[in-house]
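Worksheet for the structure shown next.
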Amino acid sequence: MSDFYKKLGKKLKTIRERLDISQDILAKKLNLPRPAISQIERGERTVTADELIKLSSVFHVPIDAILDLKKEPEVILSEAENIKHPRSIKKDKEETQIRINVPQKNMKKFKEVLLYILDRIGSKPNIGETVIYKLLYFMDFNYYEKYEEQLIGAQYQKNRYGPTPIEFAKIVEQMMKNGEIEKVKSKYFDYPQTKYLPVRKPDLSMLSATELEVIEDVINLLSDKNAQQISDYSHGDVPWRTAEEGTIIGYEAVFYRAAPYSVREYPNE
């Protein structure tokens with residue numbers, strides 16, 4: 001079997017395990033025997049166009065993203081409080097990979113903001129993982145536009161469904177191990193949904209009054225939207241629109257925002 005199918009199989013296995021879907025469950029959803037899933041993941045079996053469509057639906061990932069076999073960004077949770085260059089480029093013979101080092105300071109802030117969101121609105125039926133991604137994005141980018149400083153300072157990747165915080169999976173995995181949050185699989189109008197429930201209260205001493213104000217503004221504006229609605233809304237924001245597919249969205253683009261996305265009053269020129 002070609003090297004393409006080996007890389008594709010490896011990527012499909014990574015996505016499946018990240019979503020906590022067993023081979024048995026995936027086989028049932030694709031109407032395939034379980035050994036066929038193992039063969040696909042080992043690169044020993046081709047994947048038909050119909051199976052790709054089903055995989056896209058099950059994983060909630062666009063087909064072109066599944067077929068993009070470049071390495072995904074590598075996230076490293078650092079023990080250092082601050083890192084001079086949190087994002088670096090690692091080059092090897094085959095491809096370029098983004099490596100993101102998350103300093104302790106950013107990681108602590110990320111955890112407390114996430115816990116604050118979950119404590120405030122995590123029990124609402126529409127608040128699944130996709131909605132949380134977009135809430136974090138607007139909190140980060142709105143704060144940067146207003147104060148020219150970072151709130152969490154997460155790195156967001158552009159994909160078809162809107163901005164995705166690259167550090168999210170790694171930090172959430174650590175939080176679950178530490179007993180700070182729980183992951184729950186549920187359904188929202190017959191669509192599979194990943195929810196997170198807080199096990200402890202957020203440490204509000206980590207958040208300033210201005211940070212809490214921006215967080216609350218975003219919650220009040222966007223937390224009633226479902227995953228599709230908030231994804232569509234994010235597509236109109238200049239930082240997302242000006243970034244290339246699959247790249248990290250630059251914060252500086254917030255200063256080119258227009259209504260209704262801009263949150264800063266600029267002096268008339």
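If you're wondering about the labels, chains in the structure tokens are A, B, ... by order shown, residues count from 1 in each chain, ligands from 1 in order shown.
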
List the neighbours of segment 52-61 of chain A out to 9 Å using only C-alpha atoms; skip same-chain residues closer than 3 positions along the sequence, and give me the result as a ChimeraX atom specification.
/A:12,15-16,19,26,29-30,47-49,64-66,160-161,192

Give me a file of those residues, with N, CA and C atoms, as a JSON list (two decimals), in the first residue's frame.
```
[["chain", "number", "residue", "atom", "x", "y", "z"],
["A", 12, "LEU", "N", -6.20, 9.43, 10.67],
["A", 12, "LEU", "CA", -7.54, 9.01, 11.09],
["A", 12, "LEU", "C", -7.51, 8.40, 12.49],
["A", 15, "ILE", "N", -7.23, 11.31, 15.02],
["A", 15, "ILE", "CA", -8.51, 12.01, 15.21],
["A", 15, "ILE", "C", -9.47, 11.14, 16.02],
["A", 16, "ARG", "N", -9.55, 9.85, 15.69],
["A", 16, "ARG", "CA", -10.46, 8.95, 16.41],
["A", 16, "ARG", "C", -10.14, 8.90, 17.90],
["A", 19, "LEU", "N", -11.04, 12.06, 19.81],
["A", 19, "LEU", "CA", -12.48, 12.18, 20.06],
["A", 19, "LEU", "C", -13.00, 11.07, 20.96],
["A", 26, "LEU", "N", -16.68, 3.25, 15.64],
["A", 26, "LEU", "CA", -16.45, 3.81, 14.31],
["A", 26, "LEU", "C", -16.84, 2.82, 13.22],
["A", 29, "LYS", "N", -20.55, 2.94, 12.75],
["A", 29, "LYS", "CA", -21.00, 4.16, 12.08],
["A", 29, "LYS", "C", -20.69, 4.12, 10.58],
["A", 30, "LEU", "N", -19.61, 3.43, 10.22],
["A", 30, "LEU", "CA", -19.24, 3.33, 8.81],
["A", 30, "LEU", "C", -19.82, 2.08, 8.14],
["A", 47, "VAL", "N", -9.41, 3.88, 1.30],
["A", 47, "VAL", "CA", -10.62, 4.50, 1.84],
["A", 47, "VAL", "C", -11.42, 5.04, 0.66],
["A", 48, "THR", "N", -12.66, 4.59, 0.55],
["A", 48, "THR", "CA", -13.49, 5.01, -0.57],
["A", 48, "THR", "C", -14.01, 6.44, -0.36],
["A", 49, "ALA", "N", -14.51, 7.04, -1.43],
["A", 49, "ALA", "CA", -15.07, 8.40, -1.34],
["A", 49, "ALA", "C", -16.25, 8.42, -0.38],
["A", 64, "ASP", "N", -11.38, 17.94, 3.18],
["A", 64, "ASP", "CA", -10.07, 18.46, 2.76],
["A", 64, "ASP", "C", -9.10, 18.54, 3.92],
["A", 65, "ALA", "N", -9.62, 18.71, 5.13],
["A", 65, "ALA", "CA", -8.75, 18.72, 6.31],
["A", 65, "ALA", "C", -8.25, 17.31, 6.62],
["A", 66, "ILE", "N", -9.11, 16.31, 6.40],
["A", 66, "ILE", "CA", -8.69, 14.92, 6.60],
["A", 66, "ILE", "C", -7.59, 14.55, 5.61],
["A", 160, "ARG", "N", -12.19, 25.35, 8.43],
["A", 160, "ARG", "CA", -13.51, 25.63, 7.83],
["A", 160, "ARG", "C", -14.56, 25.96, 8.87],
["A", 161, "TYR", "N", -14.43, 25.42, 10.07],
["A", 161, "TYR", "CA", -15.44, 25.63, 11.11],
["A", 161, "TYR", "C", -15.11, 26.80, 12.02],
["A", 192, "PRO", "N", -23.68, 14.53, 17.73],
["A", 192, "PRO", "CA", -22.77, 14.24, 18.85],
["A", 192, "PRO", "C", -22.12, 15.51, 19.37]]
```

Just want the 12 Å neighbourhood of segment 41-43 of chain A, counted on only C-alpha atoms, with same-chain residues fewer than 5 positions away dropped. Output as JSON, numbers by chain.
{"A": [1, 2, 3, 4, 5, 6, 7, 8, 9, 10, 11, 12, 13, 14, 15, 16, 17, 23, 26, 27, 34, 35, 36]}

Among segment 11-248 of chain A, which ones does DSSP place in strand (DSSP E or B), written as a VMD selection string?
chain A and resid 74 to 77 87 to 91 96 to 102 156 to 159 162 to 165 181 to 188 191 to 198 248

For the residues in the current selection, export N, CA and C atoms as a compact mmCIF listing (two decimals), in the first residue's frame.
```txt
# COMPACT_ATOMS: atom_id res chain seq x y z
N GLU A 74 2.60 20.94 17.02
CA GLU A 74 3.01 20.24 18.23
C GLU A 74 2.92 21.20 19.40
N VAL A 75 2.19 20.81 20.45
CA VAL A 75 1.99 21.67 21.62
C VAL A 75 2.80 21.13 22.78
N ILE A 76 3.62 21.98 23.38
CA ILE A 76 4.44 21.61 24.53
C ILE A 76 4.06 22.47 25.71
N LEU A 77 3.64 21.85 26.82
CA LEU A 77 3.31 22.58 28.03
C LEU A 77 4.59 22.75 28.84
N ARG A 87 6.21 30.41 19.88
CA ARG A 87 5.93 29.64 18.68
C ARG A 87 7.19 29.55 17.84
N SER A 88 7.53 28.36 17.42
CA SER A 88 8.71 28.19 16.58
C SER A 88 8.38 27.25 15.43
N ILE A 89 9.24 27.24 14.43
CA ILE A 89 9.04 26.38 13.27
C ILE A 89 10.11 25.30 13.28
N LYS A 90 9.68 24.06 13.25
CA LYS A 90 10.60 22.93 13.20
C LYS A 90 10.61 22.40 11.77
N LYS A 91 11.78 22.31 11.18
CA LYS A 91 11.88 21.83 9.80
C LYS A 91 12.57 20.47 9.77
N THR A 96 7.25 21.11 7.08
CA THR A 96 7.44 22.12 8.11
C THR A 96 6.38 21.93 9.18
N GLN A 97 6.77 22.00 10.44
CA GLN A 97 5.84 21.80 11.54
C GLN A 97 5.91 22.97 12.50
N ILE A 98 4.73 23.40 12.94
CA ILE A 98 4.67 24.46 13.94
C ILE A 98 4.77 23.84 15.32
N ARG A 99 5.68 24.35 16.13
CA ARG A 99 5.81 23.89 17.52
C ARG A 99 5.42 25.05 18.43
N ILE A 100 4.49 24.82 19.32
CA ILE A 100 4.00 25.86 20.21
C ILE A 100 4.36 25.50 21.65
N ASN A 101 5.14 26.35 22.29
CA ASN A 101 5.48 26.18 23.69
C ASN A 101 4.54 27.05 24.53
N VAL A 102 3.81 26.43 25.45
CA VAL A 102 2.86 27.16 26.28
C VAL A 102 3.48 27.40 27.65
N TYR A 156 -4.61 30.38 17.65
CA TYR A 156 -5.81 29.86 17.00
C TYR A 156 -5.53 29.55 15.54
N GLN A 157 -5.92 28.34 15.13
CA GLN A 157 -5.71 27.90 13.76
C GLN A 157 -7.00 28.10 12.96
N LYS A 158 -6.85 28.55 11.72
CA LYS A 158 -8.02 28.73 10.86
C LYS A 158 -8.39 27.41 10.20
N ASN A 159 -9.66 27.02 10.37
CA ASN A 159 -10.18 25.90 9.60
C ASN A 159 -11.60 26.23 9.17
N GLY A 162 -14.12 27.60 11.63
CA GLY A 162 -13.78 28.77 12.43
C GLY A 162 -12.48 28.58 13.19
N PRO A 163 -12.12 29.54 14.04
CA PRO A 163 -10.85 29.46 14.78
C PRO A 163 -10.86 28.36 15.84
N THR A 164 -9.75 27.64 15.91
CA THR A 164 -9.60 26.55 16.88
C THR A 164 -8.36 26.78 17.73
N PRO A 165 -8.49 26.84 19.07
CA PRO A 165 -7.32 27.03 19.93
C PRO A 165 -6.45 25.77 19.93
N ILE A 181 -11.61 19.10 35.56
CA ILE A 181 -12.80 19.07 34.72
C ILE A 181 -13.11 17.63 34.33
N GLU A 182 -14.33 17.41 33.85
CA GLU A 182 -14.75 16.12 33.35
C GLU A 182 -15.27 16.28 31.92
N LYS A 183 -14.97 15.30 31.08
CA LYS A 183 -15.49 15.31 29.70
C LYS A 183 -16.70 14.41 29.62
N VAL A 184 -17.74 14.91 28.96
CA VAL A 184 -18.99 14.16 28.83
C VAL A 184 -19.39 14.11 27.36
N LYS A 185 -19.72 12.94 26.87
CA LYS A 185 -20.24 12.79 25.52
C LYS A 185 -21.76 12.88 25.58
N SER A 186 -22.33 13.72 24.75
CA SER A 186 -23.78 13.90 24.75
C SER A 186 -24.25 14.13 23.32
N LYS A 187 -25.53 14.51 23.20
CA LYS A 187 -26.09 14.85 21.89
C LYS A 187 -26.83 16.17 22.00
N TYR A 188 -26.76 16.94 20.92
CA TYR A 188 -27.48 18.20 20.84
C TYR A 188 -28.26 18.18 19.53
N TYR A 191 -27.05 15.53 17.17
CA TYR A 191 -25.66 15.64 16.75
C TYR A 191 -24.75 15.31 17.94
N PRO A 192 -23.68 14.53 17.73
CA PRO A 192 -22.77 14.24 18.85
C PRO A 192 -22.12 15.51 19.37
N GLN A 193 -21.97 15.59 20.67
CA GLN A 193 -21.43 16.80 21.29
C GLN A 193 -20.49 16.42 22.42
N THR A 194 -19.37 17.12 22.51
CA THR A 194 -18.44 16.94 23.63
C THR A 194 -18.61 18.11 24.59
N LYS A 195 -18.98 17.80 25.82
CA LYS A 195 -19.16 18.83 26.84
C LYS A 195 -18.10 18.65 27.93
N TYR A 196 -17.82 19.74 28.63
CA TYR A 196 -16.89 19.68 29.77
C TYR A 196 -17.59 20.27 30.99
N LEU A 197 -17.43 19.60 32.11
CA LEU A 197 -18.04 20.04 33.36
C LEU A 197 -16.94 20.39 34.36
N PRO A 198 -17.06 21.52 35.06
CA PRO A 198 -16.02 21.91 36.02
C PRO A 198 -16.12 21.09 37.31
N ILE A 248 -1.98 29.85 11.55
CA ILE A 248 -2.32 30.49 12.82
C ILE A 248 -2.81 31.91 12.54
```

Go through A:Ala243, A:Leu212, A:Leu222, A:Leu207 one by one, measure the shortest atom-to-atom distance of each to Phe138 of chain A using only C-alpha atoms, and give the residue with the smallest value.
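The closest residue to Phe138 of chain A is A:Leu222.
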
Residue neighbourhood Glu149 of chain A, 12 Å, only C-alpha atoms, exclusion window fewer than 5 positions, as a PDB file with all heavy atoms, in the first residue's frame:
```pdb
ATOM      1  N   MET A 139     -12.880  36.147  23.222  1.00  0.00           N
ATOM      2  CA  MET A 139     -12.355  36.732  24.458  1.00  0.00           C
ATOM      3  C   MET A 139     -10.913  37.186  24.259  1.00  0.00           C
ATOM      4  O   MET A 139     -10.538  38.301  24.641  1.00  0.00           O
ATOM      5  CB  MET A 139     -12.441  35.709  25.596  1.00  0.00           C
ATOM      6  CG  MET A 139     -13.848  35.425  26.064  1.00  0.00           C
ATOM      7  SD  MET A 139     -13.931  34.024  27.213  1.00  0.00           S
ATOM      8  CE  MET A 139     -15.709  33.837  27.379  1.00  0.00           C
ATOM      9  N   ASP A 140     -10.112  36.336  23.633  1.00  0.00           N
ATOM     10  CA  ASP A 140      -8.708  36.658  23.390  1.00  0.00           C
ATOM     11  C   ASP A 140      -8.562  37.847  22.441  1.00  0.00           C
ATOM     12  O   ASP A 140      -7.827  38.807  22.713  1.00  0.00           O
ATOM     13  CB  ASP A 140      -7.988  35.444  22.808  1.00  0.00           C
ATOM     14  CG  ASP A 140      -7.035  34.792  23.799  1.00  0.00           C
ATOM     15  OD1 ASP A 140      -6.644  35.460  24.775  1.00  0.00           O
ATOM     16  OD2 ASP A 140      -6.668  33.624  23.600  1.00  0.00           O
ATOM     17  N   PHE A 141      -9.251  37.793  21.318  1.00  0.00           N
ATOM     18  CA  PHE A 141      -9.072  38.818  20.292  1.00  0.00           C
ATOM     19  C   PHE A 141      -9.756  40.130  20.667  1.00  0.00           C
ATOM     20  O   PHE A 141      -9.247  41.207  20.333  1.00  0.00           O
ATOM     21  CB  PHE A 141      -9.545  38.299  18.934  1.00  0.00           C
ATOM     22  CG  PHE A 141      -8.513  37.450  18.242  1.00  0.00           C
ATOM     23  CD1 PHE A 141      -8.160  36.206  18.745  1.00  0.00           C
ATOM     24  CD2 PHE A 141      -7.871  37.892  17.096  1.00  0.00           C
ATOM     25  CE1 PHE A 141      -7.192  35.427  18.134  1.00  0.00           C
ATOM     26  CE2 PHE A 141      -6.898  37.115  16.462  1.00  0.00           C
ATOM     27  CZ  PHE A 141      -6.557  35.884  16.996  1.00  0.00           C
ATOM     28  N   ASN A 142     -10.881  40.079  21.363  1.00  0.00           N
ATOM     29  CA  ASN A 142     -11.527  41.315  21.818  1.00  0.00           C
ATOM     30  C   ASN A 142     -10.659  42.031  22.845  1.00  0.00           C
ATOM     31  O   ASN A 142     -10.527  43.260  22.822  1.00  0.00           O
ATOM     32  CB  ASN A 142     -12.897  41.014  22.421  1.00  0.00           C
ATOM     33  CG  ASN A 142     -13.927  40.648  21.363  1.00  0.00           C
ATOM     34  OD1 ASN A 142     -13.591  40.463  20.202  1.00  0.00           O
ATOM     35  ND2 ASN A 142     -15.173  40.516  21.767  1.00  0.00           N
ATOM     36  N   TYR A 143     -10.074  41.253  23.749  1.00  0.00           N
ATOM     37  CA  TYR A 143      -9.218  41.867  24.765  1.00  0.00           C
ATOM     38  C   TYR A 143      -8.000  42.508  24.112  1.00  0.00           C
ATOM     39  O   TYR A 143      -7.581  43.613  24.488  1.00  0.00           O
ATOM     40  CB  TYR A 143      -8.778  40.816  25.793  1.00  0.00           C
ATOM     41  CG  TYR A 143      -8.150  41.429  27.019  1.00  0.00           C
ATOM     42  CD1 TYR A 143      -8.940  41.890  28.069  1.00  0.00           C
ATOM     43  CD2 TYR A 143      -6.767  41.574  27.139  1.00  0.00           C
ATOM     44  CE1 TYR A 143      -8.371  42.471  29.196  1.00  0.00           C
ATOM     45  CE2 TYR A 143      -6.192  42.148  28.249  1.00  0.00           C
ATOM     46  CZ  TYR A 143      -7.004  42.602  29.281  1.00  0.00           C
ATOM     47  OH  TYR A 143      -6.439  43.196  30.386  1.00  0.00           O
ATOM     48  N   TYR A 144      -7.438  41.830  23.117  1.00  0.00           N
ATOM     49  CA  TYR A 144      -6.253  42.371  22.441  1.00  0.00           C
ATOM     50  C   TYR A 144      -6.604  43.657  21.698  1.00  0.00           C
ATOM     51  O   TYR A 144      -5.818  44.618  21.691  1.00  0.00           O
ATOM     52  CB  TYR A 144      -5.678  41.340  21.469  1.00  0.00           C
ATOM     53  CG  TYR A 144      -4.290  41.694  20.988  1.00  0.00           C
ATOM     54  CD1 TYR A 144      -3.174  41.444  21.777  1.00  0.00           C
ATOM     55  CD2 TYR A 144      -4.097  42.298  19.754  1.00  0.00           C
ATOM     56  CE1 TYR A 144      -1.896  41.778  21.344  1.00  0.00           C
ATOM     57  CE2 TYR A 144      -2.823  42.636  19.310  1.00  0.00           C
ATOM     58  CZ  TYR A 144      -1.732  42.375  20.110  1.00  0.00           C
ATOM     59  OH  TYR A 144      -0.476  42.715  19.696  1.00  0.00           O
ATOM     60  N   THR A 210     -10.750  44.070  34.250  1.00  0.00           N
ATOM     61  CA  THR A 210     -10.930  44.311  32.812  1.00  0.00           C
ATOM     62  C   THR A 210     -11.049  42.999  32.053  1.00  0.00           C
ATOM     63  O   THR A 210     -11.822  42.899  31.085  1.00  0.00           O
ATOM     64  CB  THR A 210      -9.760  45.136  32.236  1.00  0.00           C
ATOM     65  OG1 THR A 210      -8.519  44.494  32.550  1.00  0.00           O
ATOM     66  CG2 THR A 210      -9.772  46.546  32.794  1.00  0.00           C
ATOM     67  N   GLU A 211     -10.296  41.981  32.468  1.00  0.00           N
ATOM     68  CA  GLU A 211     -10.395  40.678  31.824  1.00  0.00           C
ATOM     69  C   GLU A 211     -11.776  40.063  32.034  1.00  0.00           C
ATOM     70  O   GLU A 211     -12.397  39.557  31.099  1.00  0.00           O
ATOM     71  CB  GLU A 211      -9.301  39.745  32.357  1.00  0.00           C
ATOM     72  CG  GLU A 211      -7.905  40.126  31.882  1.00  0.00           C
ATOM     73  CD  GLU A 211      -6.807  39.363  32.578  1.00  0.00           C
ATOM     74  OE1 GLU A 211      -7.049  38.812  33.679  1.00  0.00           O
ATOM     75  OE2 GLU A 211      -5.688  39.318  32.046  1.00  0.00           O
ATOM     76  N   TYR A 251      -3.010  38.090  15.650  1.00  0.00           N
ATOM     77  CA  TYR A 251      -3.757  39.005  16.521  1.00  0.00           C
ATOM     78  C   TYR A 251      -3.831  40.425  15.952  1.00  0.00           C
ATOM     79  O   TYR A 251      -4.806  41.137  16.166  1.00  0.00           O
ATOM     80  CB  TYR A 251      -3.107  39.051  17.911  1.00  0.00           C
ATOM     81  CG  TYR A 251      -3.536  37.945  18.842  1.00  0.00           C
ATOM     82  CD1 TYR A 251      -2.945  36.686  18.789  1.00  0.00           C
ATOM     83  CD2 TYR A 251      -4.531  38.154  19.791  1.00  0.00           C
ATOM     84  CE1 TYR A 251      -3.328  35.673  19.639  1.00  0.00           C
ATOM     85  CE2 TYR A 251      -4.923  37.146  20.659  1.00  0.00           C
ATOM     86  CZ  TYR A 251      -4.328  35.901  20.582  1.00  0.00           C
ATOM     87  OH  TYR A 251      -4.714  34.893  21.424  1.00  0.00           O
ATOM     88  N   GLU A 252      -2.788  40.862  15.258  1.00  0.00           N
ATOM     89  CA  GLU A 252      -2.723  42.254  14.808  1.00  0.00           C
ATOM     90  C   GLU A 252      -3.865  42.635  13.866  1.00  0.00           C
ATOM     91  O   GLU A 252      -4.195  43.815  13.727  1.00  0.00           O
ATOM     92  CB  GLU A 252      -1.381  42.516  14.117  1.00  0.00           C
ATOM     93  CG  GLU A 252      -0.173  42.370  15.028  1.00  0.00           C
ATOM     94  CD  GLU A 252      -0.212  43.308  16.224  1.00  0.00           C
ATOM     95  OE1 GLU A 252      -0.579  44.486  16.032  1.00  0.00           O
ATOM     96  OE2 GLU A 252       0.118  42.874  17.333  1.00  0.00           O
ATOM     97  N   VAL A 254      -6.880  42.423  14.334  1.00  0.00           N
ATOM     98  CA  VAL A 254      -8.061  42.966  15.031  1.00  0.00           C
ATOM     99  C   VAL A 254      -8.203  44.468  14.815  1.00  0.00           C
ATOM    100  O   VAL A 254      -9.309  45.012  14.907  1.00  0.00           O
ATOM    101  CB  VAL A 254      -8.028  42.687  16.553  1.00  0.00           C
ATOM    102  CG1 VAL A 254      -8.168  41.210  16.842  1.00  0.00           C
ATOM    103  CG2 VAL A 254      -6.792  43.273  17.210  1.00  0.00           C
TER     104      VAL A 254
END
```

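Among the candidates A:Phe189, A:Lys109, A:Glu173, A:Gly128, the one nearest to Asp20 of chain A when counting only C-alpha atoms is A:Glu173.
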
Closest to Tyr261 of chain A among A:Lys225, A:Lys146, A:Arg200, A:Lys170, using only C-alpha atoms?
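Ranking A:Lys225, A:Lys146, A:Arg200, A:Lys170 by distance to Tyr261 of chain A, first place goes to A:Lys146.
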
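Our summary of the geometry notes that atom CA of Gly236 of chain A is positioned 9.3 Å from atom CA of Pro260 of chain A.
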
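Here atom CA of Gly122 of chain A and atom CA of Ala209 of chain A stand 21.5 Å from one another.
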
If you count only C-alpha atoms, which residues fall within 9 Å of Asn226 of chain A, apart from same-chain ones fewer than 4 positions away, as a ChimeraX atom specification?
/A:125-128,130-131,222,230-231
